[in-house]
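**Q** The following file, input-v7.cif, comprises mmCIF, C-alpha atoms and all ligand atoms:
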```
data_protein
loop_
_atom_site.group_PDB
_atom_site.id
_atom_site.type_symbol
_atom_site.label_atom_id
_atom_site.label_comp_id
_atom_site.auth_asym_id
_atom_site.auth_seq_id
_atom_site.Cartn_x
_atom_site.Cartn_y
_atom_site.Cartn_z
ATOM 1 C CA MET A 117 165.776 53.171 73.478
ATOM 2 C CA THR A 118 163.347 55.974 72.663
ATOM 3 C CA VAL A 119 164.539 59.494 71.836
ATOM 4 C CA LYS A 120 163.395 60.629 75.281
ATOM 5 C CA GLU A 121 165.296 57.872 77.113
ATOM 6 C CA THR A 122 168.452 58.599 75.143
ATOM 7 C CA VAL A 123 168.145 62.341 75.787
ATOM 8 C CA ARG A 124 167.594 61.726 79.513
ATOM 9 C CA GLU A 125 170.610 59.408 79.742
ATOM 10 C CA LYS A 126 172.982 61.729 77.863
ATOM 11 C CA TYR A 127 171.961 64.892 79.740
ATOM 12 C CA GLY A 128 172.113 62.983 83.042
ATOM 13 C CA GLN A 129 175.733 62.160 82.204
ATOM 14 C CA ALA A 130 176.419 65.797 81.267
ATOM 15 C CA ALA A 131 175.031 66.946 84.644
ATOM 16 C CA GLN A 132 177.198 64.414 86.485
ATOM 17 C CA ARG A 133 180.302 65.640 84.632
ATOM 18 C CA VAL A 134 179.637 69.164 85.896
ATOM 19 C CA ALA A 135 178.712 68.005 89.408
ATOM 20 C CA THR A 136 182.061 66.214 89.675
ATOM 21 C CA GLY A 137 183.999 69.330 88.669
ATOM 22 C CA GLY A 138 184.097 68.802 84.910
ATOM 23 C CA SER A 139 182.541 70.802 82.147
ATOM 24 C CA SER A 140 179.510 70.213 79.973
ATOM 25 C CA CYS A 141 181.568 71.217 76.921
ATOM 26 C CA CYS A 142 180.715 68.985 73.976
ATOM 27 C CA GLY A 143 177.159 69.011 75.250
ATOM 28 C CA ALA A 144 175.499 65.672 75.609
ATOM 29 C CA SER A 145 177.863 64.107 73.130
ATOM 30 C CA ALA A 146 180.024 61.240 74.304
ATOM 31 C CA ARG A 147 182.811 62.504 72.058
ATOM 32 C CA PRO A 148 185.841 63.618 74.041
ATOM 33 C CA ILE A 149 186.729 66.412 71.575
ATOM 34 C CA GLU A 150 188.809 69.358 72.648
ATOM 35 C CA GLY A 151 186.940 72.529 73.492
ATOM 36 C CA CYS A 152 183.272 73.393 73.323
ATOM 37 C CA ASP A 153 181.178 72.835 70.253
ATOM 38 C CA PRO A 154 180.235 75.798 68.061
ATOM 39 C CA ILE A 155 176.612 75.784 69.246
ATOM 40 C CA THR A 156 176.968 76.022 73.034
ATOM 41 C CA SER A 157 180.130 78.147 73.309
ATOM 42 C CA ASN A 158 180.329 81.868 74.183
ATOM 43 C CA LEU A 159 176.633 82.546 74.680
ATOM 44 C CA TYR A 160 176.727 84.767 77.769
ATOM 45 C CA ASP A 161 178.419 88.031 78.558
ATOM 46 C CA PRO A 162 180.625 87.803 81.683
ATOM 47 C CA SER A 163 178.647 90.725 83.140
ATOM 48 C CA GLN A 164 175.630 88.374 83.193
ATOM 49 C CA THR A 165 177.345 85.316 84.579
ATOM 50 C CA ASN A 166 179.920 86.633 87.046
ATOM 51 C CA GLU A 167 177.456 86.526 89.935
ATOM 52 C CA LEU A 168 176.267 82.980 89.168
ATOM 53 C CA PRO A 169 177.700 79.762 90.663
ATOM 54 C CA ASP A 170 180.476 78.344 88.496
ATOM 55 C CA ALA A 171 178.608 75.050 88.020
ATOM 56 C CA ALA A 172 175.551 76.877 86.620
ATOM 57 C CA VAL A 173 177.752 78.503 83.973
ATOM 58 C CA LYS A 174 179.677 75.284 83.238
ATOM 59 C CA ALA A 175 176.429 73.361 82.811
ATOM 60 C CA SER A 176 175.195 75.750 80.131
ATOM 61 C CA LEU A 177 174.114 73.680 77.139
ATOM 62 C CA GLY A 178 171.973 76.167 75.313
ATOM 63 C CA CYS A 179 172.268 77.627 71.832
ATOM 64 C CA GLY A 180 171.387 81.228 72.640
ATOM 65 C CA ASN A 181 170.712 83.670 75.429
ATOM 66 C CA PRO A 182 166.932 83.957 75.756
ATOM 67 C CA THR A 183 166.972 86.159 78.856
ATOM 68 C CA ALA A 184 169.068 88.761 77.005
ATOM 69 C CA LEU A 185 166.542 88.926 74.156
ATOM 70 C CA ALA A 186 163.262 88.472 76.042
ATOM 71 C CA THR A 187 161.417 91.296 77.742
ATOM 72 C CA LEU A 188 161.075 90.335 81.414
ATOM 73 C CA ASN A 189 159.411 92.746 83.828
ATOM 74 C CA PRO A 190 159.525 92.915 87.635
ATOM 75 C CA GLY A 191 156.740 90.832 89.188
ATOM 76 C CA GLU A 192 156.307 88.493 86.218
ATOM 77 C CA THR A 193 156.267 84.676 86.250
ATOM 78 C CA VAL A 194 158.716 82.975 83.880
ATOM 79 C CA LEU A 195 158.884 79.290 82.930
ATOM 80 C CA ASP A 196 162.039 77.764 81.404
ATOM 81 C CA LEU A 197 161.323 74.572 79.436
ATOM 82 C CA GLY A 198 164.250 72.130 79.869
ATOM 83 C CA SER A 199 166.085 74.236 82.431
ATOM 84 C CA GLY A 200 169.196 72.012 82.711
ATOM 85 C CA GLY A 201 171.668 73.370 85.279
ATOM 86 C CA GLY A 202 169.434 76.423 85.732
ATOM 87 C CA ILE A 203 171.461 79.260 84.209
ATOM 88 C CA ASP A 204 168.512 80.938 82.456
ATOM 89 C CA VAL A 205 166.218 80.419 85.459
ATOM 90 C CA LEU A 206 168.682 82.161 87.773
ATOM 91 C CA LEU A 207 169.144 85.018 85.275
ATOM 92 C CA SER A 208 165.349 85.348 84.861
ATOM 93 C CA ALA A 209 164.817 85.372 88.641
ATOM 94 C CA LYS A 210 167.058 88.420 88.869
ATOM 95 C CA ARG A 211 165.141 90.207 86.129
ATOM 96 C CA VAL A 212 161.650 89.560 87.556
ATOM 97 C CA GLY A 213 162.850 90.424 91.075
ATOM 98 C CA PRO A 214 161.525 89.305 94.464
ATOM 99 C CA THR A 215 157.892 89.960 93.494
ATOM 100 C CA GLY A 216 158.224 87.690 90.469
ATOM 101 C CA LYS A 217 158.974 83.996 90.108
ATOM 102 C CA ALA A 218 161.074 81.812 87.811
ATOM 103 C CA TYR A 219 160.214 78.142 87.290
ATOM 104 C CA GLY A 220 162.573 75.639 85.679
ATOM 105 C CA LEU A 221 161.131 72.413 84.282
ATOM 106 C CA ASP A 222 163.311 69.395 83.473
ATOM 107 C CA MET A 223 162.824 65.635 83.255
ATOM 108 C CA THR A 224 166.388 64.593 84.186
ATOM 109 C CA ASP A 225 166.993 63.958 87.904
ATOM 110 C CA GLU A 226 170.737 64.726 87.719
ATOM 111 C CA MET A 227 170.044 68.098 86.041
ATOM 112 C CA LEU A 228 167.399 68.956 88.649
ATOM 113 C CA ALA A 229 169.826 68.110 91.475
ATOM 114 C CA LEU A 230 172.507 70.298 89.881
ATOM 115 C CA ALA A 231 170.052 73.166 89.317
ATOM 116 C CA ARG A 232 168.771 73.033 92.919
ATOM 117 C CA GLU A 233 172.350 73.073 94.227
ATOM 118 C CA ASN A 234 173.097 76.062 91.957
ATOM 119 C CA GLN A 235 170.008 77.826 93.316
ATOM 120 C CA ARG A 236 171.175 77.135 96.877
ATOM 121 C CA GLN A 237 174.641 78.534 96.125
ATOM 122 C CA ALA A 238 173.167 81.583 94.395
ATOM 123 C CA GLY A 239 170.921 82.196 97.436
ATOM 124 C CA VAL A 240 167.924 82.941 95.235
ATOM 125 C CA GLU A 241 164.452 82.387 96.676
ATOM 126 C CA ASN A 242 162.057 83.266 93.851
ATOM 127 C CA VAL A 243 162.988 80.106 91.930
ATOM 128 C CA GLU A 244 161.426 76.650 91.798
ATOM 129 C CA PHE A 245 162.663 73.679 89.803
ATOM 130 C CA LEU A 246 159.922 71.248 88.783
ATOM 131 C CA LYS A 247 160.335 67.678 87.605
ATOM 132 C CA GLY A 248 158.357 66.902 84.489
ATOM 133 C CA GLU A 249 158.178 66.774 80.732
ATOM 134 C CA ILE A 250 157.763 69.740 78.443
ATOM 135 C CA GLU A 251 155.087 67.767 76.564
ATOM 136 C CA ASN A 252 152.980 67.758 79.741
ATOM 137 C CA ILE A 253 153.778 70.883 81.753
ATOM 138 C CA PRO A 254 152.862 70.525 85.465
ATOM 139 C CA LEU A 255 151.414 74.046 85.791
ATOM 140 C CA PRO A 256 147.831 75.323 85.489
ATOM 141 C CA ASP A 257 146.327 77.055 82.447
ATOM 142 C CA ASN A 258 146.978 80.814 82.095
ATOM 143 C CA SER A 259 149.557 80.923 84.899
ATOM 144 C CA VAL A 260 152.781 82.179 83.274
ATOM 145 C CA ASP A 261 153.746 85.544 81.709
ATOM 146 C CA VAL A 262 156.758 84.359 79.699
ATOM 147 C CA VAL A 263 157.872 80.938 78.443
ATOM 148 C CA ILE A 264 161.582 80.770 77.728
ATOM 149 C CA SER A 265 163.680 77.791 76.635
ATOM 150 C CA ASN A 266 167.217 77.266 75.421
ATOM 151 C CA CYS A 267 167.937 74.512 72.929
ATOM 152 C CA VAL A 268 165.379 72.008 74.203
ATOM 153 C CA ILE A 269 162.267 72.017 71.999
ATOM 154 C CA ASN A 270 164.322 70.578 69.111
ATOM 155 C CA LEU A 271 164.954 67.526 71.352
ATOM 156 C CA SER A 272 161.267 66.646 71.635
ATOM 157 C CA ALA A 273 159.724 63.987 69.423
ATOM 158 C CA ASP A 274 156.361 65.812 69.709
ATOM 159 C CA LYS A 275 157.069 69.503 69.162
ATOM 160 C CA GLY A 276 153.450 70.349 68.320
ATOM 161 C CA ARG A 277 152.402 69.140 71.749
ATOM 162 C CA VAL A 278 155.165 71.162 73.471
ATOM 163 C CA LEU A 279 153.985 74.331 71.716
ATOM 164 C CA ARG A 280 150.338 73.627 72.629
ATOM 165 C CA GLU A 281 151.392 73.138 76.253
ATOM 166 C CA ALA A 282 153.366 76.417 76.210
ATOM 167 C CA PHE A 283 150.252 78.146 74.836
ATOM 168 C CA ARG A 284 148.029 76.584 77.512
ATOM 169 C CA VAL A 285 150.133 77.710 80.491
ATOM 170 C CA LEU A 286 150.716 81.243 79.162
ATOM 171 C CA LYS A 287 148.347 83.955 80.316
ATOM 172 C CA PRO A 288 146.459 85.818 77.569
ATOM 173 C CA GLY A 289 148.991 88.299 76.145
ATOM 174 C CA GLY A 290 151.851 86.095 77.439
ATOM 175 C CA ARG A 291 155.103 85.806 75.489
ATOM 176 C CA PHE A 292 156.984 82.844 74.028
ATOM 177 C CA ALA A 293 160.700 83.774 73.866
ATOM 178 C CA VAL A 294 162.859 80.803 72.968
ATOM 179 C CA SER A 295 166.349 80.066 71.644
ATOM 180 C CA ASP A 296 166.494 76.947 69.502
ATOM 181 C CA VAL A 297 168.310 75.360 66.580
ATOM 182 C CA VAL A 298 166.348 75.520 63.313
ATOM 183 C CA THR A 299 167.134 74.516 59.741
ATOM 184 C CA ARG A 300 166.693 76.235 56.394
ATOM 185 C CA GLY A 301 166.638 74.066 53.282
ATOM 186 C CA GLU A 302 166.961 70.336 52.825
ATOM 187 C CA VAL A 303 169.152 68.435 55.295
ATOM 188 C CA PRO A 304 170.712 65.059 54.306
ATOM 189 C CA ALA A 305 168.819 62.003 55.578
ATOM 190 C CA GLU A 306 171.982 60.631 57.285
ATOM 191 C CA VAL A 307 172.024 63.705 59.531
ATOM 192 C CA ARG A 308 168.313 63.456 60.364
ATOM 193 C CA GLN A 309 168.677 59.753 61.233
ATOM 194 C CA SER A 310 171.549 60.027 63.735
ATOM 195 C CA MET A 311 170.370 59.615 67.323
ATOM 196 C CA LEU A 312 173.540 61.268 68.665
ATOM 197 C CA LEU A 313 172.993 64.262 66.408
ATOM 198 C CA TRP A 314 169.420 64.392 67.735
ATOM 199 C CA VAL A 315 170.731 64.488 71.300
ATOM 200 C CA GLY A 316 173.190 67.202 70.221
ATOM 201 C CA CYS A 317 170.275 69.450 69.101
ATOM 202 C CA ILE A 318 170.937 68.927 65.372
ATOM 203 C CA ALA A 319 168.902 66.075 63.888
ATOM 204 C CA GLY A 320 165.615 67.027 65.576
ATOM 205 C CA ALA A 321 165.720 70.702 64.551
ATOM 206 C CA LEU A 322 162.617 71.925 62.716
ATOM 207 C CA GLU A 323 162.697 73.901 59.484
ATOM 208 C CA ASP A 324 161.999 77.527 60.336
ATOM 209 C CA TYR A 325 158.732 77.697 58.351
ATOM 210 C CA ASP A 326 157.523 74.481 60.025
ATOM 211 C CA TYR A 327 158.300 75.930 63.484
ATOM 212 C CA ALA A 328 156.254 79.038 62.611
ATOM 213 C CA ALA A 329 153.397 76.880 61.268
ATOM 214 C CA LYS A 330 153.318 74.772 64.453
ATOM 215 C CA LEU A 331 153.274 77.918 66.615
ATOM 216 C CA ALA A 332 150.382 79.305 64.574
ATOM 217 C CA LYS A 333 148.516 75.986 64.830
ATOM 218 C CA ALA A 334 148.912 76.101 68.619
ATOM 219 C CA GLY A 335 147.207 79.533 68.562
ATOM 220 C CA PHE A 336 150.177 81.935 68.745
ATOM 221 C CA GLU A 337 150.329 85.290 66.924
ATOM 222 C CA GLN A 338 153.119 87.792 66.115
ATOM 223 C CA ILE A 339 155.496 84.942 65.265
ATOM 224 C CA ASP A 340 159.059 85.927 64.449
ATOM 225 C CA ILE A 341 162.171 83.776 63.913
ATOM 226 C CA GLU A 342 165.445 85.685 64.029
ATOM 227 C CA PRO A 343 168.725 83.821 63.268
ATOM 228 C CA THR A 344 171.360 84.546 65.923
ATOM 229 C CA ARG A 345 174.181 82.244 64.667
ATOM 230 C CA VAL A 346 174.405 80.534 61.268
ATOM 231 C CA TYR A 347 176.749 77.521 61.192
ATOM 232 C CA ASN A 348 179.407 77.414 58.449
ATOM 233 C CA ILE A 349 181.281 74.484 56.979
ATOM 234 C CA GLU A 350 183.894 74.289 59.764
ATOM 235 C CA ASP A 351 181.131 74.305 62.393
ATOM 236 C CA ALA A 352 179.371 71.559 60.420
ATOM 237 C CA ARG A 353 182.586 69.519 60.420
ATOM 238 C CA GLN A 354 182.768 69.847 64.209
ATOM 239 C CA PHE A 355 179.264 68.673 64.938
ATOM 240 C CA LEU A 356 179.370 65.853 62.373
ATOM 241 C CA ALA A 357 182.792 64.558 63.477
ATOM 242 C CA GLY A 358 182.735 61.209 65.273
ATOM 243 C CA GLU A 359 179.060 60.477 64.591
ATOM 244 C CA GLY A 360 179.788 57.685 62.095
ATOM 245 C CA ILE A 361 179.105 60.082 59.242
ATOM 246 C CA ASP A 362 181.220 60.828 56.153
ATOM 247 C CA VAL A 363 182.105 64.355 57.208
ATOM 248 C CA ASN A 364 183.814 65.384 53.955
ATOM 249 C CA ALA A 365 180.822 64.334 51.896
ATOM 250 C CA LEU A 366 178.182 65.828 54.141
ATOM 251 C CA ALA A 367 179.663 69.029 55.552
ATOM 252 C CA PRO A 368 179.190 70.990 52.268
ATOM 253 C CA GLN A 369 175.522 69.883 52.159
ATOM 254 C CA VAL A 370 174.978 71.062 55.715
ATOM 255 C CA GLU A 371 176.789 74.420 55.489
ATOM 256 C CA GLY A 372 174.523 77.377 56.203
ATOM 257 C CA LYS A 373 171.468 75.167 56.743
ATOM 258 C CA PHE A 374 171.643 75.018 60.549
ATOM 259 C CA MET A 375 171.244 78.066 62.691
ATOM 260 C CA SER A 376 170.516 79.084 66.223
ATOM 261 C CA ALA A 377 167.536 81.392 66.277
ATOM 262 C CA PHE A 378 165.491 83.455 68.682
ATOM 263 C CA ILE A 379 161.824 82.627 68.313
ATOM 264 C CA ARG A 380 159.160 85.030 69.532
ATOM 265 C CA ALA A 381 155.385 84.662 69.612
ATOM 266 C CA VAL A 382 152.467 85.980 71.644
ATOM 267 C CA LYS A 383 149.330 84.326 73.010
ATOM 268 C CA PRO A 384 146.448 86.591 71.957
ATOM 269 C CA SER A 385 144.883 88.702 74.687
ATOM 270 C CA ALA A 386 141.523 87.640 76.049
ATOM 271 C CA LYS A 387 138.515 89.077 74.238
ATOM 272 C CA GLU A 388 136.917 92.043 75.938
ATOM 273 C CA CYS A 389 134.171 90.836 78.243
ATOM 274 C CA CYS A 390 130.754 91.760 76.918
ATOM 275 C CA GLY A 391 128.680 90.044 79.613
ATOM 276 C CA PRO A 392 128.783 87.268 82.184
ATOM 277 C CA ALA A 393 128.368 84.452 79.636
ATOM 278 C CA CYS A 394 130.253 85.618 76.560
ATOM 279 C CA CYS A 395 133.874 85.392 77.643
ATOM 280 C CA SER A 396 134.051 82.009 79.321
HETATM 281 C C1 LIG A 401 170.438 71.050 75.619
HETATM 282 S S1 LIG A 401 170.114 70.950 77.348
HETATM 283 C C2 LIG A 401 169.707 72.648 77.662
HETATM 284 C C3 LIG A 401 169.692 72.996 79.118
HETATM 285 C C4 LIG A 401 169.480 74.471 79.438
HETATM 286 N N1 LIG A 401 168.295 74.999 78.790
HETATM 287 C C5 LIG A 401 170.683 75.298 79.074
HETATM 288 O O1 LIG A 401 170.561 76.242 78.310
HETATM 289 O O2 LIG A 401 171.770 74.986 79.581
HETATM 290 C C6 LIG A 401 168.534 70.145 77.339
HETATM 291 C C7 LIG A 401 167.847 69.978 78.684
HETATM 292 O O3 LIG A 401 166.477 69.728 78.450
HETATM 293 C C8 LIG A 401 166.044 68.605 79.199
HETATM 294 N N2 LIG A 401 165.002 67.954 78.390
HETATM 295 C C9 LIG A 401 165.126 67.438 77.161
HETATM 296 N N3 LIG A 401 163.954 66.968 76.714
HETATM 297 C C10 LIG A 401 163.052 67.183 77.702
HETATM 298 C C11 LIG A 401 161.650 66.915 77.845
HETATM 299 N N4 LIG A 401 160.974 66.319 76.879
HETATM 300 N N5 LIG A 401 161.032 67.301 78.992
HETATM 301 C C12 LIG A 401 161.741 67.905 79.993
HETATM 302 N N6 LIG A 401 163.067 68.177 79.918
HETATM 303 C C13 LIG A 401 163.715 67.827 78.777
HETATM 304 C C14 LIG A 401 167.295 67.763 79.399
HETATM 305 O O4 LIG A 401 167.176 66.966 80.563
HETATM 306 C C15 LIG A 401 168.373 68.827 79.525
HETATM 307 O O5 LIG A 401 168.538 69.249 80.851
#
```
Taking this structure as input, can you express it in the form of structure tokens?
Ligand SMILES: C[S@@+](CC[C@H](N)C(=O)[O-])C[C@H]1O[C@@H](n2cnc3c(N)ncnc32)[C@H](O)[C@@H]1O
**A**
Amino acid sequence: MTVKETVREKYGQAAQRVATGGSSCCGASARPIEGCDPITSNLYDPSQTNELPDAAVKASLGCGNPTALATLNPGETVLDLGSGGGIDVLLSAKRVGPTGKAYGLDMTDEMLALARENQRQAGVENVEFLKGEIENIPLPDNSVDVVISNCVINLSADKGRVLREAFRVLKPGGRFAVSDVVTRGEVPAEVRQSMLLWVGCIAGALEDYDYAAKLAKAGFEQIDIEPTRVYNIEDARQFLAGEGIDVNALAPQVEGKFMSAFIRAVKPSAKECCGPACCS
């Protein structure tokens, strides 16, 4: 199975758990551990979520709260890469208001079905969920004001392409405002090689400097990576447990190296037009 097929299967199962009244706690992991993992738990303030359908909140599998940190203005168009059950799309739709629009993009049918049902229950009209892959975004060039995402880009096997696609669909001056897991320092090979840890947003995480370099290569400016949660040894024990890994040996080598971060960047504004031919 490829990374993408495994990710699709695990997040399809997570969506079905929520759709049948369960919780997405433990993320895409098959591990039946008690309680939520340290990455996805307690991300939203109740004042943000109390007007959302319960299933949208239960399906939350992010690692941050991009809509709380991003600037979103009335009338703007927002795109959420890997929108899952739709929590950040519904929150964005509120912020951009009826003259704006929020798109969610996801490749997993079960997640799209859950998100569309959550939209129906929320009674929100300025939202559209699209089926597709973040490596090949089904929207035209220069069509979006803000790209958000919550713990998804680390899942892609081709992150450079995802960032180039985000750049393409953003309007000149558009903002990239993404929560993601990143690493700092060397991570043991056993962790990088675990497919389940990849699906759980760990193994595929980029080093922070590499993330910034890939954003710059895609054309972004004003790049900033701000840690929002740094994972300690007990957190490391939780996400390594049950993955066929020697937790006691590895947890100390992982401590402090994984963090959730808020990543900002801007697509440069178009050059001033100097004549009919010079700004095409
Ligand atoms: C960790 S969950 C995050 C969901 C949501 N952003 C949230 O905060 O709850 C990852 C989501 O991204 C989707 N996804 C993963 N890789 C994708 C890809 N390459 N293209 C489109 N969707 C993808 C999965 O189907 C899943 O719904």
**Q** Carefully work through the PyMOL selection byres (((chain A and resi 169-186) around 6) and not hetatm) for this structure and note down the residues it includes, as a list in words.
**A**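 Written out, the selection comes to Ser139, Ser140, Gly143, Ile155, Thr156, Leu159, Leu168, Thr187, Gly201, Ile203, Asn234, Asn266, Cys267, Ala293, Val294 and Ser295 of chain A.
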**Q** Residues at most 7 Å from ligand LIG 401 (chain A), using only C-alpha atoms and all ligand atoms? Could they come as a ChimeraX atom specification?
**A** /A:120,123-124,127-128,175-179,197-204,221-224,227,248-251,265-268,271-272,317
**Q** Can you list what the PyMOL selection byres (((chain A and resi 283) around 8) and not hetatm) grabs from this structure, as a list in words?
**A**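 For this structure, the PyMOL selection byres (((chain A and resi 283) around 8) and not hetatm) resolves to Leu279, Arg280, Glu281, Ala282, Arg284, Val285, Leu286, Ala334, Gly335, Phe336 and Lys383 of chain A.
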**Q** Which one is closest to A:Ser310: A:Val260, A:Ala329, A:Met375, A:Ile361? Count only C-alpha atoms.
**A**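 Checking each candidate against A:Ser310, we get A:Ile361 as the closest.
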**Q** What does the distance from atom CA of A:Asp324 to atom CA of A:Phe355 come to in Å, to one decimal?
**A**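 Between these atoms lies a distance of 19.9 Å.
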**Q** Which residues would end up in the selection if the PyMOL selection byres (((chain A and resi 327) around 9) and not hetatm) were applied here, given that I need the answer as a VMD selection string?
**A** chain A and resid 275 to 276 298 322 to 326 328 to 332 341 379
**Q** So that I can check the surroundings of stretch 302-309 of chain A, please list as a VMD selection string every protein, DNA and RNA residue that reaches within 12 Å of it, counting only C-alpha atoms and ignoring chain neighbours fewer than 6 positions away.
**A** chain A and resid 119 270 315 to 324 352 355 to 357 359 to 363 365 to 374
**Q** Can you work out the spacing between atom CA of A:Gly213 and atom CA of A:Lys247 in Å, to one decimal?
**A**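 Straight-line distance from atom CA of A:Gly213 to atom CA of A:Lys247 works out to 23.1 Å.
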**Q** Atom CA of A:Val297 to atom CA of A:Tyr219: how many Å, to one decimal?
**A**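 Between atom CA of A:Val297 and atom CA of A:Tyr219 the gap works out to 22.4 Å.
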**Q** Of the residues A:Gly358, A:Pro214, A:Pro154, A:Gly239, which is the one nearest to A:Asn189, using all atoms listed in the file?
**A**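 Going through A:Gly358, A:Pro214, A:Pro154, A:Gly239 one by one, the smallest distance to A:Asn189 is for A:Pro214.
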**Q** Just the residues within 6 Å of A:Ser376, please, counting only C-alpha atoms, with nothing from its chain fewer than 3 positions along; format it as JSON, numbers by chain.
**A** {"A": [296, 297, 343, 344, 345]}
**Q** When distances are computed from only C-alpha atoms, which of A:Glu226, A:Asp351, A:Asn158, A:Lys210 shows the smallest separation from A:Glu125?
**A**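 Among the listed residues, A:Glu226 lies closest to A:Glu125.
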